[in-house]
$ cat input.tsv   # TSV, C-alpha atoms and all ligand atoms
chain	number	residue	atom	x	y	z
E	1	MET	CA	228.27	-35.54	-4.49
E	2	THR	CA	225.80	-38.28	-3.66
E	3	SER	CA	223.15	-39.86	-5.82
E	4	LEU	CA	221.43	-43.22	-5.43
E	5	PRO	CA	223.35	-46.25	-4.15
E	6	GLU	CA	225.24	-48.00	-6.97
E	7	ASN	CA	223.22	-51.22	-6.76
E	8	LEU	CA	219.95	-49.33	-7.24
E	9	LEU	CA	221.34	-47.19	-10.05
E	10	SER	CA	222.50	-50.22	-12.01
E	11	THR	CA	219.03	-51.78	-11.93
E	12	LEU	CA	217.16	-48.51	-12.51
E	13	PRO	CA	216.70	-48.69	-16.32
E	14	GLU	CA	215.26	-52.18	-16.02
E	15	PHE	CA	213.02	-51.18	-13.12
E	16	LEU	CA	211.69	-48.10	-14.96
E	17	THR	CA	210.89	-50.19	-18.04
E	18	GLU	CA	209.08	-52.72	-15.87
E	19	LEU	CA	207.16	-49.93	-14.08
E	20	HIS	CA	206.12	-48.41	-17.40
E	21	GLN	CA	204.88	-51.83	-18.53
E	22	ARG	CA	203.09	-52.42	-15.24
E	23	TYR	CA	200.91	-49.33	-15.53
E	24	ILE	CA	200.56	-48.78	-19.27
E	25	ASP	CA	197.23	-50.61	-19.35
E	26	LEU	CA	195.83	-48.68	-16.40
E	27	ASP	CA	193.33	-46.42	-18.12
E	28	GLU	CA	191.35	-45.05	-15.18
E	29	GLY	CA	190.74	-41.32	-14.92
E	30	LYS	CA	189.91	-38.53	-17.34
E	31	VAL	CA	191.93	-35.92	-19.18
E	32	ALA	CA	191.39	-32.33	-18.01
E	33	ASN	CA	188.63	-30.76	-20.05
E	34	TYR	CA	187.83	-27.49	-18.30
E	35	ILE	CA	190.38	-25.77	-20.53
E	36	PRO	CA	189.20	-26.80	-24.04
E	37	GLU	CA	192.72	-27.06	-25.52
E	38	LEU	CA	193.81	-29.52	-22.80
E	39	ALA	CA	190.99	-31.92	-23.67
E	40	LYS	CA	192.70	-32.65	-27.00
E	41	VAL	CA	195.62	-34.58	-25.46
E	42	ASP	CA	196.14	-38.26	-26.32
E	43	PRO	CA	195.17	-40.08	-23.08
E	44	SER	CA	197.49	-43.01	-23.75
E	45	LEU	CA	200.71	-40.98	-23.47
E	46	PHE	CA	202.96	-42.17	-20.66
E	47	ALA	CA	206.51	-41.25	-19.69
E	48	ILE	CA	208.77	-41.57	-16.66
E	49	CYS	CA	212.15	-39.91	-16.26
E	50	ILE	CA	214.70	-39.79	-13.47
E	51	VAL	CA	217.66	-37.43	-13.44
E	52	THR	CA	220.37	-37.85	-10.81
E	53	VAL	CA	222.16	-34.92	-9.16
E	54	ASP	CA	225.30	-35.97	-11.01
E	55	GLY	CA	223.53	-35.58	-14.33
E	56	GLN	CA	222.58	-39.11	-15.38
E	57	VAL	CA	219.28	-39.28	-17.26
E	58	TYR	CA	216.95	-42.32	-17.22
E	59	PRO	CA	213.92	-41.79	-19.50
E	60	VAL	CA	211.25	-44.31	-20.57
E	61	GLY	CA	208.13	-44.08	-22.73
E	62	ASP	CA	206.92	-40.89	-24.40
E	63	TRP	CA	209.47	-38.67	-22.72
E	64	GLU	CA	209.88	-36.47	-25.80
E	65	HIS	CA	206.21	-35.59	-26.02
E	66	ILE	CA	205.63	-31.89	-25.33
E	67	PHE	CA	202.77	-30.69	-23.12
E	68	THR	CA	202.01	-27.58	-21.08
E	69	ILE	CA	203.46	-27.44	-17.60
E	70	GLN	CA	200.30	-26.16	-15.87
E	71	SER	CA	200.42	-26.04	-12.08
E	72	ILE	CA	203.91	-27.50	-11.83
E	73	SER	CA	205.06	-23.98	-12.76
E	74	LYS	CA	203.76	-22.76	-9.39
E	75	VAL	CA	206.77	-24.22	-7.58
E	76	PHE	CA	209.23	-22.26	-9.68
E	77	MET	CA	207.27	-19.00	-9.64
E	78	HIS	CA	207.19	-19.31	-5.86
E	79	GLY	CA	210.98	-19.51	-5.98
E	80	LEU	CA	211.25	-16.42	-8.18
E	81	ALA	CA	208.91	-14.45	-5.91
E	82	LEU	CA	211.07	-15.50	-2.92
E	83	GLU	CA	214.17	-14.24	-4.73
E	84	ASP	CA	212.40	-11.00	-5.64
E	85	HIS	CA	211.01	-10.21	-2.18
E	86	GLY	CA	212.39	-12.54	0.47
E	87	ARG	CA	210.58	-14.88	2.76
E	88	GLU	CA	209.11	-12.46	5.31
E	89	PHE	CA	207.47	-10.16	2.81
E	90	LEU	CA	206.11	-13.08	0.82
E	91	LEU	CA	204.49	-14.46	3.95
E	92	THR	CA	202.45	-11.27	4.27
E	93	LYS	CA	200.90	-11.96	0.85
E	94	VAL	CA	200.63	-15.77	0.65
E	95	GLY	CA	200.36	-18.32	3.48
E	96	VAL	CA	201.93	-21.76	3.73
E	97	GLU	CA	198.93	-23.78	4.98
E	98	PRO	CA	197.43	-26.70	3.05
E	99	THR	CA	193.78	-26.07	2.19
E	100	GLY	CA	192.21	-29.52	1.97
E	101	ASP	CA	190.14	-27.93	-0.82
E	102	ALA	CA	190.35	-28.15	-4.58
E	103	PHE	CA	193.15	-26.25	-6.33
E	104	ASN	CA	190.73	-23.75	-7.84
E	105	ALA	CA	188.67	-23.07	-4.70
E	106	ILE	CA	187.79	-19.42	-4.24
E	107	ILE	CA	188.88	-19.08	-0.63
E	108	LEU	CA	191.19	-16.85	1.36
E	109	ASP	CA	192.28	-17.18	4.95
E	110	GLU	CA	189.51	-15.64	7.07
E	111	ALA	CA	191.73	-13.61	9.37
E	112	SER	CA	194.69	-12.58	7.18
E	113	LYS	CA	192.89	-12.51	3.78
E	114	ARG	CA	195.92	-14.23	2.32
E	115	PRO	CA	195.50	-17.10	-0.12
E	116	TYR	CA	196.38	-20.31	1.72
E	117	ASN	CA	199.56	-21.30	-0.12
E	118	PRO	CA	201.45	-20.74	-3.40
E	119	MET	CA	200.52	-24.18	-4.80
E	120	VAL	CA	196.78	-23.48	-5.25
E	121	ASN	CA	195.55	-21.14	-7.97
E	122	ALA	CA	194.77	-18.17	-5.71
E	123	GLY	CA	198.20	-18.35	-4.07
E	124	ALA	CA	199.95	-18.77	-7.40
E	125	ILE	CA	198.19	-15.73	-8.85
E	126	ALA	CA	199.43	-13.83	-5.79
E	127	THR	CA	203.07	-14.99	-6.16
E	128	THR	CA	202.93	-14.31	-9.91
E	129	SER	CA	201.68	-10.78	-9.27
E	130	LEU	CA	204.82	-10.20	-7.17
E	131	ILE	CA	207.27	-11.00	-9.98
E	132	LYS	CA	209.33	-7.87	-10.59
E	133	GLY	CA	209.68	-6.03	-13.90
E	134	HIS	CA	208.83	-2.61	-15.32
E	135	ASN	CA	206.34	-3.83	-17.89
E	136	PRO	CA	204.63	-7.06	-19.02
E	137	THR	CA	207.42	-7.95	-21.47
E	138	GLU	CA	210.14	-7.57	-18.88
E	139	ARG	CA	208.22	-9.71	-16.41
E	140	LEU	CA	207.52	-12.36	-19.04
E	141	ASN	CA	211.18	-12.43	-20.06
E	142	ARG	CA	212.34	-12.77	-16.46
E	143	MET	CA	209.99	-15.71	-16.08
E	144	LEU	CA	211.15	-17.38	-19.32
E	145	GLU	CA	214.78	-16.84	-18.36
E	146	MET	CA	214.21	-18.42	-14.95
E	147	PHE	CA	212.59	-21.51	-16.50
E	148	ARG	CA	215.39	-21.68	-19.08
E	149	ARG	CA	217.96	-22.01	-16.31
E	150	TYR	CA	216.04	-24.88	-14.68
E	151	ILE	CA	215.44	-26.72	-17.94
E	152	GLY	CA	218.73	-26.00	-19.67
E	153	HIS	CA	217.29	-24.80	-22.98
E	154	ASP	CA	214.91	-22.12	-24.27
E	155	ILE	CA	211.27	-22.51	-23.35
E	156	HIS	CA	208.19	-21.31	-25.24
E	157	ILE	CA	204.52	-20.67	-24.65
E	158	ASP	CA	201.82	-22.75	-26.32
E	159	MET	CA	199.69	-19.92	-27.69
E	160	SER	CA	196.57	-22.04	-28.19
E	161	VAL	CA	196.61	-23.19	-24.58
E	162	PHE	CA	197.37	-19.66	-23.36
E	163	THR	CA	194.46	-18.24	-25.36
E	164	SER	CA	192.19	-21.04	-24.20
E	165	GLU	CA	193.14	-20.40	-20.55
E	166	ARG	CA	192.60	-16.70	-20.96
E	167	THR	CA	189.18	-17.01	-22.58
E	168	THR	CA	187.88	-19.58	-20.11
E	169	GLY	CA	189.72	-18.47	-16.95
E	170	ASN	CA	186.90	-16.57	-15.27
E	171	ARG	CA	187.28	-18.48	-12.05
E	172	ASN	CA	190.91	-17.37	-11.81
E	173	ARG	CA	189.78	-13.85	-12.70
E	174	ALA	CA	187.27	-13.94	-9.84
E	175	MET	CA	190.03	-14.98	-7.41
E	176	ALA	CA	192.26	-12.19	-8.65
E	177	TYR	CA	189.57	-9.56	-8.07
E	178	LEU	CA	188.84	-10.94	-4.63
E	179	MET	CA	192.53	-10.61	-3.78
E	180	LEU	CA	192.65	-7.11	-5.28
E	181	ASN	CA	189.77	-6.20	-3.00
E	182	PHE	CA	191.79	-7.30	0.03
E	183	GLY	CA	195.01	-5.64	-1.15
E	184	MET	CA	196.79	-8.98	-1.68
E	185	ILE	CA	197.62	-8.20	-5.32
E	186	ASP	CA	198.15	-4.90	-7.12
E	187	GLN	CA	195.93	-3.11	-9.68
E	188	ARG	CA	197.48	-4.80	-12.74
E	189	VAL	CA	194.89	-7.58	-12.64
E	190	ASP	CA	194.85	-8.44	-16.36
E	191	GLU	CA	198.63	-8.24	-16.64
E	192	ASN	CA	199.07	-10.49	-13.61
E	193	LEU	CA	196.53	-12.98	-14.91
E	194	ASP	CA	198.19	-13.03	-18.33
E	195	LEU	CA	201.51	-13.86	-16.70
E	196	TYR	CA	199.77	-16.60	-14.69
E	197	PHE	CA	198.13	-18.07	-17.83
E	198	GLN	CA	201.46	-17.81	-19.67
E	199	GLN	CA	203.29	-19.71	-16.95
E	200	CYS	CA	200.67	-22.48	-17.10
E	201	SER	CA	201.11	-22.67	-20.90
E	202	LEU	CA	204.88	-23.22	-20.99
E	203	MET	CA	205.85	-26.20	-23.12
E	204	VAL	CA	207.95	-28.96	-21.55
E	205	ASN	CA	208.50	-32.69	-21.90
E	206	CYS	CA	208.85	-35.31	-19.18
E	207	GLN	CA	212.64	-35.14	-19.24
E	208	ASP	CA	212.48	-31.37	-18.70
E	209	LEU	CA	210.35	-31.99	-15.61
E	210	ALA	CA	212.92	-34.41	-14.22
E	211	VAL	CA	215.78	-31.98	-14.90
E	212	MET	CA	213.89	-29.19	-13.13
E	213	ALA	CA	213.24	-31.44	-10.16
E	214	ALA	CA	216.87	-32.57	-10.14
E	215	THR	CA	217.96	-28.93	-10.10
E	216	LEU	CA	216.00	-28.47	-6.88
E	217	ALA	CA	217.51	-31.71	-5.55
E	218	ASN	CA	220.97	-30.37	-6.45
E	219	HIS	CA	220.95	-27.12	-4.42
E	220	GLY	CA	219.61	-25.09	-7.32
E	221	ILE	CA	222.31	-26.10	-9.81
E	222	ASN	CA	221.10	-27.69	-13.03
E	223	PRO	CA	222.94	-31.06	-13.06
E	224	ILE	CA	223.23	-31.10	-16.85
E	225	THR	CA	224.36	-27.52	-17.58
E	226	ALA	CA	225.88	-26.71	-14.16
E	227	GLU	CA	224.06	-23.36	-14.27
E	228	THR	CA	222.53	-21.97	-11.06
E	229	ALA	CA	218.75	-21.62	-11.43
E	230	ILE	CA	217.81	-20.39	-7.95
E	231	SER	CA	219.66	-19.23	-4.85
E	232	PRO	CA	220.09	-22.33	-2.69
E	233	GLY	CA	218.81	-20.52	0.42
E	234	TYR	CA	215.23	-20.58	-0.88
E	235	ILE	CA	215.01	-24.23	-1.78
E	236	LYS	CA	213.96	-25.36	1.64
E	237	ASP	CA	211.03	-22.90	1.53
E	238	MET	CA	209.99	-24.22	-1.89
E	239	LEU	CA	210.30	-27.89	-0.90
E	240	SER	CA	208.44	-27.45	2.40
E	241	VAL	CA	205.46	-25.96	0.62
E	242	MET	CA	205.61	-28.66	-2.06
E	243	TYR	CA	205.68	-31.32	0.63
E	244	THR	CA	202.61	-30.04	2.48
E	245	CYS	CA	200.59	-28.54	-0.39
E	246	GLY	CA	201.93	-29.79	-3.73
E	247	MET	CA	199.47	-32.57	-4.50
E	248	TYR	CA	196.24	-30.61	-4.06
E	249	ASN	CA	193.86	-32.14	-1.53
E	250	PHE	CA	195.80	-35.42	-1.70
E	251	ALA	CA	198.88	-33.83	-0.11
E	252	GLY	CA	198.47	-35.55	3.27
E	253	GLU	CA	198.05	-39.02	1.85
E	254	TRP	CA	200.90	-38.37	-0.58
E	255	ALA	CA	203.23	-37.37	2.27
E	256	TYR	CA	202.18	-40.52	4.06
E	257	ARG	CA	202.53	-42.94	1.16
E	258	VAL	CA	205.26	-41.45	-1.03
E	259	GLY	CA	206.99	-39.10	1.39
E	260	ILE	CA	208.81	-36.72	-0.94
E	261	PRO	CA	208.11	-33.09	-1.95
E	262	ALA	CA	206.14	-33.14	-5.19
E	263	LYS	CA	203.88	-31.08	-7.43
E	264	SER	CA	201.31	-32.10	-9.96
E	265	GLY	CA	199.53	-30.27	-12.76
E	266	VAL	CA	196.33	-30.89	-14.71
E	267	CYS	CA	198.48	-31.65	-17.76
E	268	GLY	CA	199.09	-35.01	-16.06
E	269	GLY	CA	202.64	-34.22	-15.00
E	270	ILE	CA	204.16	-34.76	-11.57
E	271	ILE	CA	207.60	-33.74	-10.33
E	272	GLY	CA	209.20	-35.24	-7.25
E	273	VAL	CA	212.36	-34.02	-5.53
E	274	VAL	CA	214.70	-36.19	-3.46
E	275	PRO	CA	217.32	-33.78	-2.11
E	276	ASN	CA	220.93	-34.73	-2.87
E	277	GLN	CA	219.76	-37.71	-4.93
E	278	ILE	CA	217.32	-37.40	-7.82
E	279	GLY	CA	214.59	-35.49	-9.60
E	280	ILE	CA	211.58	-37.43	-10.87
E	281	GLY	CA	209.25	-36.52	-13.73
E	282	VAL	CA	206.15	-38.52	-14.68
E	283	PHE	CA	203.64	-37.70	-17.39
E	284	SER	CA	200.31	-39.37	-18.08
E	285	PRO	CA	197.27	-37.19	-18.79
E	286	LEU	CA	194.53	-39.34	-17.20
E	287	LEU	CA	193.63	-37.60	-13.93
E	288	ASP	CA	191.77	-38.66	-10.80
E	289	PHE	CA	188.97	-36.49	-9.40
E	290	ARG	CA	191.47	-34.31	-7.54
E	291	GLY	CA	193.44	-33.50	-10.67
E	292	ASN	CA	196.44	-35.78	-10.06
E	293	SER	CA	197.71	-38.15	-12.74
E	294	VAL	CA	196.44	-41.67	-11.94
E	295	ARG	CA	199.46	-43.48	-13.35
E	296	GLY	CA	201.74	-40.74	-12.03
E	297	VAL	CA	200.68	-41.33	-8.44
E	298	LYS	CA	201.09	-45.12	-8.83
E	299	VAL	CA	204.54	-44.74	-10.39
E	300	CYS	CA	205.74	-42.44	-7.63
E	301	GLU	CA	204.46	-44.80	-4.93
E	302	ALA	CA	206.30	-47.70	-6.54
E	303	LEU	CA	209.49	-45.65	-7.00
E	304	SER	CA	209.38	-44.51	-3.40
E	305	ASP	CA	209.10	-48.13	-2.24
E	306	TYR	CA	211.77	-49.51	-4.53
E	307	LEU	CA	214.32	-46.73	-4.05
E	308	GLN	CA	213.36	-46.17	-0.40
E	309	LEU	CA	212.74	-42.50	-0.97
E	310	HIS	CA	210.31	-41.72	1.86
E	311	LEU	CA	211.80	-38.93	3.97
E	312	PHE	CA	211.21	-40.89	7.14
E	313	GLU	CA	212.40	-44.22	5.80
H	401	LIG	N1	195.99	-23.35	-15.73
H	401	LIG	C1	195.30	-24.10	-14.77
H	401	LIG	C2	194.32	-23.24	-14.00
H	401	LIG	O1	194.67	-22.18	-13.57
H	401	LIG	C3	196.29	-24.75	-13.84
H	401	LIG	C4	195.65	-25.71	-12.97
H	401	LIG	C5	196.42	-26.91	-12.53
H	401	LIG	O2	197.31	-27.49	-13.16
H	401	LIG	N2	195.98	-27.34	-11.40
H	401	LIG	O3	193.20	-23.59	-13.82
$ encode --input "input.tsv" --output "structure tokens"
Amino acid sequence: MTSLPENLLSTLPEFLTELHQRYIDLDEGKVANYIPELAKVDPSLFAICIVTVDGQVYPVGDWEHIFTIQSISKVFMHGLALEDHGREFLLTKVGVEPTGDAFNAIILDEASKRPYNPMVNAGAIATTSLIKGHNPTERLNRMLEMFRRYIGHDIHIDMSVFTSERTTGNRNRAMAYLMLNFGMIDQRVDENLDLYFQQCSLMVNCQDLAVMAATLANHGINPITAETAISPGYIKDMLSVMYTCGMYNFAGEWAYRVGIPAKSGVCGGIIGVVPNQIGIGVFSPLLDFRGNSVRGVKVCEALSDYLQLHLFE
């Protein structure tokens, strides 16, 4: 098993503390407010966590603070849909092209009528609608069980955020009906949307994010519990889509500057995956106009430089 080189590992705690100090006063950006419950978050929260594929955990800052996972869940639901249906079938329902548009844009591919990719809302609603199960409870439980394997402990839904998403989620509802019209999702529109809102409302902390990312870095095996969370054969599909589409309409510049597969969410979280080495989690709720955490992007750029993480380094 590999991880980071020994000299970098030994200086990592110090470097993470310094990085946290370096950006703690950066207060640019705004917390997400289009879902009323999200607007209540304390904007000063800030955490960074790295987990190595051999199970070492390096947290700094408010790593115990719990928030809702939001769009970061899209990566893992993509994985579950791949396991449920396989790659070829999934490709008939959701594309793998970056959009260059906002995450909540109401657009489908002109020719195929597929949503562009599983990392934007439309695509995530489509992958979520493919999750197998005989009824809403069974589908919900399969989802919770999948996240439990990645995180290594039970996971719960924040009911206030879920209710807030459901009452204000008309844009997502519009996308779902558009996709129903084109036969991209099935008739269970409300059930599918509920599962989508539930996945966005799962409660995690920054260390959980890093463990989930490290599980993807470690061929699908959770490095803390040694439990398999996803069949290893699908990880390259998940990481490819993260790499090209995971950071909304900043994905190109991210690939250029940071150079690792990553996914952000409007909670202010970012996960980054460095295969065979580490998983990264960052949490800071102040977002730029694209919906990415301002401090999160800075931290990942600095980490990529210091640890030489860029894929093409
Ligand atoms: N729940 C949010 C939504 O569907 C997720 C968005 C996000 O994190 N980008 O609007």
$ residues_around --input "input.tsv" --residues "Tyr306 in chain E" --least-positions-apart "4" --cutoff "10 Å" --atoms "only C-alpha atoms" --output "list in words"
Leu8, Leu12, Phe15, Cys300, Glu301 and Ala302 of chain E
$ atom_distance --input "input.tsv" --atom1 "CA of Arg148 in chain E" --atom2 "CA of Ala124 in chain E"
19.6 Å
$ atom_distance --input "input.tsv" --atom1 "CA of Met184 in chain E" --atom2 "CA of Gly291 in chain E"
26.3 Å
$ closest_atom_pairs --input "input.tsv" --of "chain E" --to "ligand LIG 401 (chain H)" --cutoff "9 Å" --atoms "all atoms listed in the file" --output "JSON lines"
{"residue": "E:Tyr34", "atom": "CA", "partner": "H:LIG401", "partner_atom": "O3", "distance": 8.0}
{"residue": "E:Ile35", "atom": "CA", "partner": "H:LIG401", "partner_atom": "O3", "distance": 7.6}
{"residue": "E:Ile69", "atom": "CA", "partner": "H:LIG401", "partner_atom": "O2", "distance": 7.6}
{"residue": "E:Gln70", "atom": "CA", "partner": "H:LIG401", "partner_atom": "O2", "distance": 4.2}
{"residue": "E:Ser71", "atom": "CA", "partner": "H:LIG401", "partner_atom": "O2", "distance": 3.6}
{"residue": "E:Ile72", "atom": "CA", "partner": "H:LIG401", "partner_atom": "O2", "distance": 6.7}
{"residue": "E:Ser73", "atom": "CA", "partner": "H:LIG401", "partner_atom": "O2", "distance": 8.5}
{"residue": "E:Lys74", "atom": "CA", "partner": "H:LIG401", "partner_atom": "O2", "distance": 8.8}
{"residue": "E:Ala102", "atom": "CA", "partner": "H:LIG401", "partner_atom": "N2", "distance": 8.9}
{"residue": "E:Phe103", "atom": "CA", "partner": "H:LIG401", "partner_atom": "N2", "distance": 5.9}
{"residue": "E:Asn104", "atom": "CA", "partner": "H:LIG401", "partner_atom": "O3", "distance": 6.5}
{"residue": "E:Met119", "atom": "CA", "partner": "H:LIG401", "partner_atom": "N2", "distance": 8.6}
{"residue": "E:Val120", "atom": "CA", "partner": "H:LIG401", "partner_atom": "N2", "distance": 7.3}
{"residue": "E:Asn121", "atom": "CA", "partner": "H:LIG401", "partner_atom": "O1", "distance": 5.8}
{"residue": "E:Ala122", "atom": "CA", "partner": "H:LIG401", "partner_atom": "O1", "distance": 8.8}
{"residue": "E:Ala124", "atom": "CA", "partner": "H:LIG401", "partner_atom": "O1", "distance": 8.8}
{"residue": "E:Ile125", "atom": "CA", "partner": "H:LIG401", "partner_atom": "O1", "distance": 8.7}
{"residue": "E:Val161", "atom": "CA", "partner": "H:LIG401", "partner_atom": "N1", "distance": 8.9}
{"residue": "E:Phe162", "atom": "CA", "partner": "H:LIG401", "partner_atom": "N1", "distance": 8.6}
{"residue": "E:Glu165", "atom": "CA", "partner": "H:LIG401", "partner_atom": "N1", "distance": 6.3}
{"residue": "E:Gly169", "atom": "CA", "partner": "H:LIG401", "partner_atom": "O3", "distance": 6.9}
{"residue": "E:Arg171", "atom": "CA", "partner": "H:LIG401", "partner_atom": "O3", "distance": 8.0}
{"residue": "E:Asn172", "atom": "CA", "partner": "H:LIG401", "partner_atom": "O1", "distance": 6.4}
{"residue": "E:Tyr196", "atom": "CA", "partner": "H:LIG401", "partner_atom": "O1", "distance": 7.6}
{"residue": "E:Phe197", "atom": "CA", "partner": "H:LIG401", "partner_atom": "N1", "distance": 6.1}
{"residue": "E:Gln198", "atom": "CA", "partner": "H:LIG401", "partner_atom": "N1", "distance": 8.7}
{"residue": "E:Gln199", "atom": "CA", "partner": "H:LIG401", "partner_atom": "N1", "distance": 8.2}
{"residue": "E:Cys200", "atom": "CA", "partner": "H:LIG401", "partner_atom": "N1", "distance": 5.0}
{"residue": "E:Ser201", "atom": "CA", "partner": "H:LIG401", "partner_atom": "N1", "distance": 7.3}
{"residue": "E:Tyr248", "atom": "CA", "partner": "H:LIG401", "partner_atom": "N2", "distance": 8.0}
{"residue": "E:Ser264", "atom": "CA", "partner": "H:LIG401", "partner_atom": "O2", "distance": 6.9}
{"residue": "E:Gly265", "atom": "CA", "partner": "H:LIG401", "partner_atom": "O2", "distance": 3.6}
{"residue": "E:Val266", "atom": "CA", "partner": "H:LIG401", "partner_atom": "O2", "distance": 3.9}
{"residue": "E:Cys267", "atom": "CA", "partner": "H:LIG401", "partner_atom": "O2", "distance": 6.3}
{"residue": "E:Gly268", "atom": "CA", "partner": "H:LIG401", "partner_atom": "O2", "distance": 8.3}
{"residue": "E:Gly269", "atom": "CA", "partner": "H:LIG401", "partner_atom": "O2", "distance": 8.8}
{"residue": "E:Gly291", "atom": "CA", "partner": "H:LIG401", "partner_atom": "N2", "distance": 6.7}
{"residue": "E:Asn292", "atom": "CA", "partner": "H:LIG401", "partner_atom": "N2", "distance": 8.6}
$ write_last_selection --input "input.tsv" --atoms "C-alpha atoms" --output "PDB file, keeping the file's coordinate frame"
ATOM      1  CA  TYR E  34     187.830 -27.490 -18.300  1.00  0.00           C
ATOM      2  CA  ILE E  35     190.380 -25.770 -20.530  1.00  0.00           C
ATOM      3  CA  ILE E  69     203.460 -27.440 -17.600  1.00  0.00           C
ATOM      4  CA  GLN E  70     200.300 -26.160 -15.870  1.00  0.00           C
ATOM      5  CA  SER E  71     200.420 -26.040 -12.080  1.00  0.00           C
ATOM      6  CA  ILE E  72     203.910 -27.500 -11.830  1.00  0.00           C
ATOM      7  CA  SER E  73     205.060 -23.980 -12.760  1.00  0.00           C
ATOM      8  CA  LYS E  74     203.760 -22.760  -9.390  1.00  0.00           C
ATOM      9  CA  ALA E 102     190.350 -28.150  -4.580  1.00  0.00           C
ATOM     10  CA  PHE E 103     193.150 -26.250  -6.330  1.00  0.00           C
ATOM     11  CA  ASN E 104     190.730 -23.750  -7.840  1.00  0.00           C
ATOM     12  CA  MET E 119     200.520 -24.180  -4.800  1.00  0.00           C
ATOM     13  CA  VAL E 120     196.780 -23.480  -5.250  1.00  0.00           C
ATOM     14  CA  ASN E 121     195.550 -21.140  -7.970  1.00  0.00           C
ATOM     15  CA  ALA E 122     194.770 -18.170  -5.710  1.00  0.00           C
ATOM     16  CA  ALA E 124     199.950 -18.770  -7.400  1.00  0.00           C
ATOM     17  CA  ILE E 125     198.190 -15.730  -8.850  1.00  0.00           C
ATOM     18  CA  VAL E 161     196.610 -23.190 -24.580  1.00  0.00           C
ATOM     19  CA  PHE E 162     197.370 -19.660 -23.360  1.00  0.00           C
ATOM     20  CA  GLU E 165     193.140 -20.400 -20.550  1.00  0.00           C
ATOM     21  CA  GLY E 169     189.720 -18.470 -16.950  1.00  0.00           C
ATOM     22  CA  ARG E 171     187.280 -18.480 -12.050  1.00  0.00           C
ATOM     23  CA  ASN E 172     190.910 -17.370 -11.810  1.00  0.00           C
ATOM     24  CA  TYR E 196     199.770 -16.600 -14.690  1.00  0.00           C
ATOM     25  CA  PHE E 197     198.130 -18.070 -17.830  1.00  0.00           C
ATOM     26  CA  GLN E 198     201.460 -17.810 -19.670  1.00  0.00           C
ATOM     27  CA  GLN E 199     203.290 -19.710 -16.950  1.00  0.00           C
ATOM     28  CA  CYS E 200     200.670 -22.480 -17.100  1.00  0.00           C
ATOM     29  CA  SER E 201     201.110 -22.670 -20.900  1.00  0.00           C
ATOM     30  CA  TYR E 248     196.240 -30.610  -4.060  1.00  0.00           C
ATOM     31  CA  SER E 264     201.310 -32.100  -9.960  1.00  0.00           C
ATOM     32  CA  GLY E 265     199.530 -30.270 -12.760  1.00  0.00           C
ATOM     33  CA  VAL E 266     196.330 -30.890 -14.710  1.00  0.00           C
ATOM     34  CA  CYS E 267     198.480 -31.650 -17.760  1.00  0.00           C
ATOM     35  CA  GLY E 268     199.090 -35.010 -16.060  1.00  0.00           C
ATOM     36  CA  GLY E 269     202.640 -34.220 -15.000  1.00  0.00           C
ATOM     37  CA  GLY E 291     193.440 -33.500 -10.670  1.00  0.00           C
ATOM     38  CA  ASN E 292     196.440 -35.780 -10.060  1.00  0.00           C
TER      39      ASN E 292
END
$ residues_near_point --input "input.tsv" --point "(201.3, -3.7, -8.0)" --cutoff "8 Å" --atoms "all atoms listed in the file" --output "PyMOL selection string"
chain E and resi 129-130+185-188
$ closest_residue --input "input.tsv" --among "E:Val53, E:Ile230, E:Ile131, E:Ala214" --to "Asp84 in chain E" --atoms "only C-alpha atoms"
E:Ile131
$ closest_residue --input "input.tsv" --among "E:Ala32, E:Leu209, E:Leu195, E:Ile224" --to "Glu138 in chain E" --atoms "all atoms listed in the file"
E:Leu195
